[in-house]
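The structure file input_0.txt is reproduced below (compact mmCIF, N, CA and C atoms).
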# COMPACT_ATOMS: atom_id res chain seq x y z
N ASP A 1 58.89 -33.14 9.45
CA ASP A 1 59.11 -31.90 8.73
C ASP A 1 57.84 -31.04 8.66
N LYS A 2 56.70 -31.70 8.44
CA LYS A 2 55.43 -30.99 8.34
C LYS A 2 55.13 -30.27 9.66
N ILE A 3 55.36 -30.95 10.76
CA ILE A 3 55.09 -30.37 12.07
C ILE A 3 56.01 -29.18 12.32
N LEU A 4 57.28 -29.35 12.04
CA LEU A 4 58.24 -28.27 12.25
C LEU A 4 57.94 -27.08 11.34
N ASN A 5 57.57 -27.34 10.10
CA ASN A 5 57.23 -26.25 9.17
C ASN A 5 56.01 -25.49 9.63
N ARG A 6 55.00 -26.20 10.12
CA ARG A 6 53.80 -25.52 10.61
C ARG A 6 54.10 -24.71 11.86
N SER A 7 54.91 -25.27 12.73
CA SER A 7 55.29 -24.56 13.95
C SER A 7 56.08 -23.29 13.60
N ARG A 8 56.97 -23.43 12.65
CA ARG A 8 57.75 -22.26 12.22
C ARG A 8 56.85 -21.20 11.59
N ALA A 9 55.87 -21.63 10.80
CA ALA A 9 54.94 -20.67 10.19
C ALA A 9 54.17 -19.90 11.27
N ASN A 10 53.83 -20.58 12.36
CA ASN A 10 53.15 -19.90 13.47
C ASN A 10 54.05 -18.85 14.09
N ILE A 11 55.30 -19.18 14.27
CA ILE A 11 56.27 -18.21 14.81
C ILE A 11 56.44 -17.04 13.84
N ASP A 12 56.62 -17.37 12.57
CA ASP A 12 56.85 -16.33 11.55
C ASP A 12 55.70 -15.32 11.48
N MET A 13 54.47 -15.78 11.77
CA MET A 13 53.30 -14.90 11.71
C MET A 13 53.42 -13.72 12.67
N PHE A 14 54.13 -13.93 13.77
CA PHE A 14 54.16 -12.92 14.82
C PHE A 14 55.54 -12.33 15.07
N MET A 15 56.48 -12.60 14.19
CA MET A 15 57.81 -12.02 14.35
C MET A 15 57.73 -10.50 14.19
N GLU A 16 58.56 -9.81 14.92
CA GLU A 16 58.59 -8.35 14.86
C GLU A 16 59.93 -7.91 14.29
N ASP A 17 59.88 -7.25 13.15
CA ASP A 17 61.09 -6.81 12.45
C ASP A 17 62.04 -7.97 12.23
N GLY A 18 61.49 -9.13 11.88
CA GLY A 18 62.30 -10.30 11.57
C GLY A 18 62.87 -11.02 12.78
N ALA A 19 62.40 -10.67 13.98
CA ALA A 19 62.95 -11.29 15.19
C ALA A 19 61.85 -11.98 16.00
N VAL A 20 62.24 -13.07 16.63
CA VAL A 20 61.35 -13.74 17.59
C VAL A 20 61.49 -12.99 18.91
N THR A 21 60.39 -12.41 19.36
CA THR A 21 60.41 -11.61 20.59
C THR A 21 59.59 -12.31 21.67
N ALA A 22 59.63 -11.74 22.86
CA ALA A 22 58.81 -12.27 23.95
C ALA A 22 57.33 -12.17 23.59
N LEU A 23 56.95 -11.12 22.88
CA LEU A 23 55.57 -10.97 22.46
C LEU A 23 55.19 -12.02 21.41
N THR A 24 56.13 -12.37 20.55
CA THR A 24 55.91 -13.46 19.59
C THR A 24 55.59 -14.74 20.36
N ALA A 25 56.40 -15.03 21.36
CA ALA A 25 56.20 -16.24 22.17
C ALA A 25 54.85 -16.22 22.87
N LEU A 26 54.48 -15.08 23.42
CA LEU A 26 53.20 -14.95 24.12
C LEU A 26 52.03 -15.20 23.18
N ARG A 27 52.08 -14.60 22.01
CA ARG A 27 50.97 -14.76 21.06
C ARG A 27 50.83 -16.22 20.61
N VAL A 28 51.93 -16.86 20.28
CA VAL A 28 51.87 -18.25 19.84
C VAL A 28 51.46 -19.15 21.00
N CYS A 29 51.94 -18.86 22.19
CA CYS A 29 51.56 -19.62 23.38
C CYS A 29 50.05 -19.54 23.60
N ARG A 30 49.51 -18.36 23.59
CA ARG A 30 48.08 -18.18 23.81
C ARG A 30 47.26 -18.92 22.76
N LEU A 31 47.62 -18.76 21.50
CA LEU A 31 46.85 -19.40 20.43
C LEU A 31 46.97 -20.92 20.48
N THR A 32 48.15 -21.40 20.83
CA THR A 32 48.34 -22.85 20.97
C THR A 32 47.40 -23.40 22.03
N PHE A 33 47.30 -22.72 23.14
CA PHE A 33 46.45 -23.20 24.22
C PHE A 33 44.98 -22.90 23.97
N LEU A 34 44.66 -21.92 23.13
CA LEU A 34 43.27 -21.74 22.71
C LEU A 34 42.84 -22.95 21.87
N VAL A 35 43.70 -23.39 20.97
CA VAL A 35 43.40 -24.59 20.18
C VAL A 35 43.17 -25.78 21.10
N LYS A 36 44.00 -25.92 22.12
CA LYS A 36 43.82 -27.03 23.06
C LYS A 36 42.48 -26.92 23.80
N GLN A 37 42.08 -25.71 24.17
CA GLN A 37 40.78 -25.52 24.81
C GLN A 37 39.64 -25.87 23.86
N MET A 38 39.79 -25.51 22.60
CA MET A 38 38.76 -25.82 21.61
C MET A 38 38.66 -27.34 21.42
N LYS A 39 39.79 -28.02 21.44
CA LYS A 39 39.76 -29.48 21.33
C LYS A 39 39.04 -30.11 22.52
N LYS A 40 39.20 -29.53 23.71
CA LYS A 40 38.48 -30.03 24.88
C LYS A 40 36.97 -29.85 24.70
N LEU A 41 36.57 -28.72 24.12
CA LEU A 41 35.15 -28.48 23.87
C LEU A 41 34.60 -29.47 22.85
N VAL A 42 35.40 -29.82 21.86
CA VAL A 42 34.99 -30.83 20.88
C VAL A 42 34.83 -32.18 21.58
N ALA A 43 35.81 -32.53 22.40
CA ALA A 43 35.78 -33.82 23.10
C ALA A 43 34.58 -33.94 24.04
N SER A 44 34.18 -32.82 24.61
CA SER A 44 33.05 -32.83 25.54
C SER A 44 31.71 -32.71 24.83
N GLY A 45 31.74 -32.55 23.51
CA GLY A 45 30.50 -32.47 22.73
C GLY A 45 29.90 -31.09 22.64
N HIS A 46 30.59 -30.08 23.18
CA HIS A 46 30.08 -28.72 23.11
C HIS A 46 30.32 -28.07 21.75
N LEU A 47 31.30 -28.58 21.02
CA LEU A 47 31.59 -28.11 19.67
C LEU A 47 31.66 -29.31 18.75
N GLY A 48 31.40 -29.05 17.47
CA GLY A 48 31.59 -30.08 16.47
C GLY A 48 33.06 -30.19 16.11
N GLU A 49 33.38 -31.16 15.31
CA GLU A 49 34.77 -31.39 14.89
C GLU A 49 35.33 -30.21 14.10
N TRP A 50 36.64 -30.13 14.04
CA TRP A 50 37.36 -29.17 13.22
C TRP A 50 37.06 -29.49 11.76
N ASP A 51 36.68 -28.48 10.99
CA ASP A 51 36.43 -28.64 9.57
C ASP A 51 37.70 -28.20 8.84
N ALA A 52 38.46 -29.16 8.35
CA ALA A 52 39.74 -28.86 7.73
C ALA A 52 39.57 -28.09 6.42
N ASP A 53 38.49 -28.34 5.71
CA ASP A 53 38.27 -27.63 4.44
C ASP A 53 37.98 -26.15 4.67
N LEU A 54 37.14 -25.85 5.63
CA LEU A 54 36.79 -24.46 5.95
C LEU A 54 37.74 -23.83 6.96
N GLU A 55 38.59 -24.66 7.56
CA GLU A 55 39.53 -24.23 8.60
C GLU A 55 38.82 -23.49 9.73
N GLU A 56 37.84 -24.19 10.31
CA GLU A 56 37.12 -23.62 11.44
C GLU A 56 36.48 -24.73 12.26
N TRP A 57 36.18 -24.40 13.50
CA TRP A 57 35.45 -25.33 14.34
C TRP A 57 33.98 -25.19 14.02
N ARG A 58 33.27 -26.28 14.11
CA ARG A 58 31.84 -26.28 13.84
C ARG A 58 31.10 -26.23 15.15
N GLY A 59 30.11 -25.37 15.21
CA GLY A 59 29.26 -25.33 16.39
C GLY A 59 28.28 -26.50 16.37
N VAL A 60 27.64 -26.72 17.47
CA VAL A 60 26.58 -27.72 17.55
C VAL A 60 25.31 -27.01 18.00
N GLN A 61 24.19 -27.60 17.63
CA GLN A 61 22.92 -27.01 18.00
C GLN A 61 22.82 -26.93 19.52
N ASP A 62 22.22 -25.88 20.00
CA ASP A 62 22.02 -25.65 21.44
C ASP A 62 23.30 -25.30 22.19
N ALA A 63 24.38 -25.02 21.48
CA ALA A 63 25.62 -24.60 22.13
C ALA A 63 26.03 -23.25 21.51
N PRO A 64 26.05 -22.20 22.30
CA PRO A 64 26.39 -20.87 21.78
C PRO A 64 27.89 -20.76 21.47
N PHE A 65 28.24 -20.88 20.20
CA PHE A 65 29.65 -20.91 19.79
C PHE A 65 30.41 -19.70 20.32
N ASP A 66 29.87 -18.50 20.13
CA ASP A 66 30.59 -17.29 20.54
C ASP A 66 30.86 -17.28 22.05
N ALA A 67 29.90 -17.72 22.83
CA ALA A 67 30.09 -17.76 24.28
C ALA A 67 31.15 -18.80 24.66
N LEU A 68 31.13 -19.94 23.99
CA LEU A 68 32.14 -20.98 24.26
C LEU A 68 33.54 -20.48 23.90
N LEU A 69 33.65 -19.85 22.75
CA LEU A 69 34.93 -19.30 22.32
C LEU A 69 35.41 -18.23 23.30
N HIS A 70 34.50 -17.37 23.71
CA HIS A 70 34.87 -16.31 24.65
C HIS A 70 35.38 -16.90 25.97
N ARG A 71 34.67 -17.90 26.51
CA ARG A 71 35.10 -18.53 27.76
C ARG A 71 36.47 -19.19 27.61
N ALA A 72 36.67 -19.85 26.47
CA ALA A 72 37.97 -20.50 26.23
C ALA A 72 39.08 -19.44 26.16
N TRP A 73 38.81 -18.34 25.47
CA TRP A 73 39.81 -17.28 25.32
C TRP A 73 40.12 -16.64 26.67
N VAL A 74 39.09 -16.38 27.48
CA VAL A 74 39.31 -15.79 28.81
C VAL A 74 40.17 -16.73 29.66
N LYS A 75 39.89 -18.01 29.59
CA LYS A 75 40.68 -18.99 30.36
C LYS A 75 42.16 -18.93 29.96
N VAL A 76 42.40 -18.84 28.66
CA VAL A 76 43.78 -18.76 28.15
C VAL A 76 44.43 -17.45 28.59
N MET A 77 43.70 -16.35 28.49
CA MET A 77 44.26 -15.03 28.86
C MET A 77 44.59 -14.97 30.35
N LEU A 78 43.77 -15.60 31.18
CA LEU A 78 44.05 -15.61 32.61
C LEU A 78 45.25 -16.48 32.94
N LYS A 79 45.42 -17.55 32.19
CA LYS A 79 46.55 -18.45 32.43
C LYS A 79 47.86 -17.85 31.92
N PHE A 80 47.79 -17.13 30.81
CA PHE A 80 48.98 -16.53 30.20
C PHE A 80 48.74 -15.03 29.98
N PRO A 81 48.72 -14.24 31.06
CA PRO A 81 48.36 -12.82 30.93
C PRO A 81 49.43 -11.94 30.28
N ASP A 82 50.68 -12.33 30.39
CA ASP A 82 51.75 -11.48 29.86
C ASP A 82 52.99 -12.33 29.60
N THR A 83 54.04 -11.67 29.13
CA THR A 83 55.26 -12.39 28.76
C THR A 83 56.00 -12.98 29.97
N GLU A 84 55.62 -12.57 31.15
CA GLU A 84 56.22 -13.12 32.36
C GLU A 84 55.57 -14.45 32.76
N HIS A 85 54.45 -14.76 32.15
CA HIS A 85 53.69 -15.97 32.50
C HIS A 85 53.45 -16.82 31.26
N LEU A 86 54.50 -17.40 30.75
CA LEU A 86 54.42 -18.27 29.57
C LEU A 86 54.47 -19.73 29.98
N HIS A 87 53.92 -20.58 29.15
CA HIS A 87 54.12 -22.03 29.33
C HIS A 87 55.61 -22.27 29.18
N LYS A 88 56.14 -23.22 29.93
CA LYS A 88 57.59 -23.45 29.93
C LYS A 88 58.14 -23.76 28.53
N GLY A 89 57.33 -24.32 27.67
CA GLY A 89 57.78 -24.61 26.31
C GLY A 89 58.03 -23.39 25.46
N PHE A 90 57.50 -22.25 25.89
CA PHE A 90 57.64 -21.02 25.13
C PHE A 90 58.64 -20.05 25.77
N GLU A 91 59.08 -20.39 26.97
CA GLU A 91 60.07 -19.54 27.64
C GLU A 91 61.40 -19.65 26.91
N GLY A 92 62.07 -18.55 26.78
CA GLY A 92 63.40 -18.56 26.19
C GLY A 92 63.46 -18.60 24.68
N VAL A 93 62.32 -18.52 24.00
CA VAL A 93 62.39 -18.53 22.54
C VAL A 93 62.72 -17.16 21.97
N ALA A 94 62.50 -16.12 22.74
CA ALA A 94 62.84 -14.77 22.28
C ALA A 94 64.33 -14.70 21.96
N GLY A 95 64.64 -14.15 20.82
CA GLY A 95 66.03 -14.02 20.40
C GLY A 95 66.53 -15.18 19.56
N GLN A 96 65.77 -16.27 19.51
CA GLN A 96 66.16 -17.41 18.69
C GLN A 96 65.71 -17.19 17.24
N THR A 97 66.23 -18.00 16.35
CA THR A 97 65.70 -18.00 14.99
C THR A 97 64.33 -18.65 15.04
N SER A 98 63.52 -18.42 14.03
CA SER A 98 62.20 -19.03 14.03
C SER A 98 62.30 -20.55 13.97
N GLU A 99 63.35 -21.07 13.31
CA GLU A 99 63.54 -22.52 13.26
C GLU A 99 63.83 -23.09 14.64
N CYS A 100 64.72 -22.46 15.37
CA CYS A 100 65.06 -22.94 16.72
C CYS A 100 63.88 -22.78 17.68
N ALA A 101 63.16 -21.67 17.57
CA ALA A 101 62.00 -21.46 18.43
C ALA A 101 60.93 -22.51 18.14
N ALA A 102 60.70 -22.79 16.87
CA ALA A 102 59.71 -23.81 16.49
C ALA A 102 60.11 -25.17 17.02
N GLN A 103 61.38 -25.51 16.91
CA GLN A 103 61.86 -26.81 17.40
C GLN A 103 61.68 -26.91 18.91
N GLN A 104 62.00 -25.84 19.62
CA GLN A 104 61.84 -25.86 21.08
C GLN A 104 60.38 -26.07 21.47
N ILE A 105 59.48 -25.40 20.79
CA ILE A 105 58.05 -25.52 21.10
C ILE A 105 57.56 -26.94 20.80
N VAL A 106 57.94 -27.47 19.66
CA VAL A 106 57.54 -28.83 19.32
C VAL A 106 58.07 -29.82 20.35
N ASN A 107 59.32 -29.67 20.74
CA ASN A 107 59.92 -30.57 21.73
C ASN A 107 59.23 -30.47 23.09
N ALA A 108 58.89 -29.25 23.49
CA ALA A 108 58.34 -29.04 24.83
C ALA A 108 56.84 -29.32 24.92
N VAL A 109 56.11 -29.07 23.85
CA VAL A 109 54.65 -29.13 23.92
C VAL A 109 54.08 -30.39 23.27
N TYR A 110 54.70 -30.85 22.20
CA TYR A 110 54.07 -31.90 21.40
C TYR A 110 54.78 -33.25 21.38
N ILE A 111 56.08 -33.28 21.47
CA ILE A 111 56.82 -34.50 21.18
C ILE A 111 56.43 -35.68 22.07
N ARG A 112 56.00 -35.41 23.28
CA ARG A 112 55.62 -36.51 24.18
C ARG A 112 54.39 -37.26 23.68
N TYR A 113 53.66 -36.67 22.73
CA TYR A 113 52.47 -37.33 22.17
C TYR A 113 52.78 -38.11 20.89
N PHE A 114 54.02 -38.15 20.47
CA PHE A 114 54.37 -38.75 19.19
C PHE A 114 54.56 -40.27 19.28
N ASP A 115 53.73 -40.95 20.05
CA ASP A 115 53.92 -42.38 20.21
C ASP A 115 53.20 -43.23 19.16
N THR A 116 52.26 -42.64 18.43
CA THR A 116 51.62 -43.36 17.33
C THR A 116 51.51 -42.43 16.13
N LYS A 117 51.37 -43.01 14.97
CA LYS A 117 51.23 -42.21 13.75
C LYS A 117 50.00 -41.31 13.84
N GLY A 118 48.91 -41.84 14.37
CA GLY A 118 47.68 -41.07 14.50
C GLY A 118 47.86 -39.84 15.37
N LYS A 119 48.59 -39.99 16.45
CA LYS A 119 48.82 -38.86 17.36
C LYS A 119 49.75 -37.82 16.72
N VAL A 120 50.71 -38.28 15.94
CA VAL A 120 51.58 -37.35 15.23
C VAL A 120 50.76 -36.52 14.25
N LEU A 121 49.87 -37.17 13.52
CA LEU A 121 49.00 -36.46 12.58
C LEU A 121 48.07 -35.50 13.30
N GLU A 122 47.57 -35.91 14.46
CA GLU A 122 46.71 -35.05 15.26
C GLU A 122 47.46 -33.80 15.72
N CYS A 123 48.71 -33.98 16.14
CA CYS A 123 49.53 -32.83 16.56
C CYS A 123 49.80 -31.91 15.37
N ALA A 124 50.06 -32.47 14.21
CA ALA A 124 50.28 -31.65 13.01
C ALA A 124 49.05 -30.82 12.71
N ASP A 125 47.87 -31.44 12.82
CA ASP A 125 46.63 -30.70 12.59
C ASP A 125 46.44 -29.61 13.63
N GLU A 126 46.74 -29.94 14.88
CA GLU A 126 46.60 -28.97 15.97
C GLU A 126 47.51 -27.75 15.75
N ILE A 127 48.73 -28.00 15.37
CA ILE A 127 49.67 -26.90 15.10
C ILE A 127 49.16 -26.06 13.94
N GLY A 128 48.58 -26.72 12.93
CA GLY A 128 48.02 -26.00 11.79
C GLY A 128 46.80 -25.16 12.15
N GLN A 129 46.11 -25.49 13.22
CA GLN A 129 44.92 -24.74 13.64
C GLN A 129 45.26 -23.43 14.33
N VAL A 130 46.51 -23.23 14.70
CA VAL A 130 46.90 -22.00 15.38
C VAL A 130 46.65 -20.78 14.50
N ARG A 131 47.00 -20.88 13.23
CA ARG A 131 46.77 -19.76 12.30
C ARG A 131 45.29 -19.45 12.19
N ALA A 132 44.48 -20.49 12.06
CA ALA A 132 43.03 -20.31 11.96
C ALA A 132 42.47 -19.69 13.25
N ALA A 133 43.01 -20.07 14.39
CA ALA A 133 42.55 -19.50 15.66
C ALA A 133 42.84 -18.00 15.70
N TYR A 134 43.94 -17.61 15.10
CA TYR A 134 44.30 -16.18 15.04
C TYR A 134 43.35 -15.41 14.13
N GLU A 135 43.02 -16.02 13.02
CA GLU A 135 42.16 -15.34 12.05
C GLU A 135 40.75 -15.29 12.56
Translate the structure described by the file into structure tokens.
Amino acid sequence: DKILNRSRANIDMFMEDGAVTALTALRVCRLTFLVKQMKKLVASGHLGEWDADLEEWRGVQDAPFDALLHRAWVKVMLKFPDTEHLHKGFEGVAGQTSECAAQQIVNAVYIRYFDTKGKVLECADEIGQVRAAYE
């Protein structure tokens, strides 16, 4: 429920006139994959861990945070430049309710990682980081 609620909140943030549009899908897709890029930077030691209290990624000494963020964002923008180039998990969500769109995204992007409790919690945190990535 927590995962679905967070996913729905991400969709709701970008709804236009109460509707899930192709632009809603694009925005959530981009931010979802920006979070994934940030996690890769954490794993490689270029960024510090996610600070859940401050809701932000922590930089590390000798690593230019703004440059890393910019490179990650450019990578995401090149991969998903417009509504015609969405990750398959985000295709077809336009016109759905936010609940159905959230369920489709969770099923397509995250559910394959739900093999342990730790991974489920990690996915819940990742979905929650989408809002912070937007801000």
Practice prompt. Excluding stretch 17-22 of chain A and any residue of its chain fewer than 5 positions from it, enumerate the residues within 6.5 Å of it, using all atoms listed in the file, and give them as JSON, numbers by chain.
Written response: {"A": [27, 83, 93, 94, 95, 96, 97, 98]}
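With atom CA of A:Ala108 on one side and atom CA of A:Ile11 on the other, the separation reads 14.9 Å.
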Neighbours of A:Ile127 within 7 Å (only C-alpha atoms; same-chain residues fewer than 4 positions away dropped), as a PyMOL selection string?
chain A and resi 6-7+123
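Taking atom CA of A:Lys119 as the reference point, atom CA of A:Leu54 is found at 22.0 Å.
Using only N, CA and C atoms, the smallest distance between any of A:Val120, A:Leu86, A:Val106, A:Ile111 and A:Ala25 comes from A:Leu86.
For the set A:Gln37, A:Arg8, A:Met15, A:Trp57, the residue with the smallest atom-to-atom gap to A:Ala132 is A:Trp57, counting all atoms listed in the file.
Note that atom N of A:Glu99 and atom CA of A:Lys36 are 22.6 Å apart.
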- Within 8 Å of A:Ala133, counting only N, CA and C atoms, which residues qualify if same-chain residues fewer than 6 places away don't, as a ChimeraX atom specification? /A:31-32,34-35,55-56
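Restricting the calculation to all atoms listed in the file, the smallest distance between A:Cys29 and any of A:Gly89, A:Gly48, A:Gly128, A:Gly118 is found for A:Gly89.
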Pull the closest atom pair for each residue of stretch 22-55 of chain A that gets at most 8 Å from stretch 65-68 of chain A, along with the distance in Å to one decimal, counting only N, CA and C atoms, ordering rows by chain and then ascending residue number, as a Markdown table.
| residue | atom | partner | partner_atom | distance |
| --- | --- | --- | --- | --- |
| A:Met38 | CA | A:Leu68 | C | 7.8 |
| A:His46 | C | A:Phe65 | CA | 7.5 |
| A:Leu47 | CA | A:Phe65 | CA | 7.5 |
Keeping N, CA and C atoms for every residue in the selection just given, could you write it to a file as a short mmCIF file (atom, residue, chain, number, x, y, z; two decimals), in the coordinates of the input?
data_model
loop_
_atom_site.label_atom_id
_atom_site.label_comp_id
_atom_site.auth_asym_id
_atom_site.auth_seq_id
_atom_site.Cartn_x
_atom_site.Cartn_y
_atom_site.Cartn_z
N MET A 38 39.79 -25.51 22.60
CA MET A 38 38.76 -25.82 21.61
C MET A 38 38.66 -27.34 21.42
N HIS A 46 30.59 -30.08 23.18
CA HIS A 46 30.08 -28.72 23.11
C HIS A 46 30.32 -28.07 21.75
N LEU A 47 31.30 -28.58 21.02
CA LEU A 47 31.59 -28.11 19.67
C LEU A 47 31.66 -29.31 18.75
#
*Got a sec to tell me which of stretch 25-94 of chain A DSSP assigns to alpha helix (DSSP H), as a PyMOL selection string?*
chain A and resi 25-43+65-79
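Nearest to A:Gly59 of all the residues A:Gly45, A:Asp125, A:Arg71, A:Pro81 is A:Gly45, based on all atoms listed in the file.
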One residue among A:Asn10, A:Thr24, A:Gln61, A:Asn5 is nearest to A:Phe90 when using only C-alpha atoms, and that residue is A:Thr24
Review point. Can you list every residue in chain A that DSSP puts in strand (DSSP E or B), as a PyMOL selection string?
Key: chain A and resi 16+19+47-51+56-59
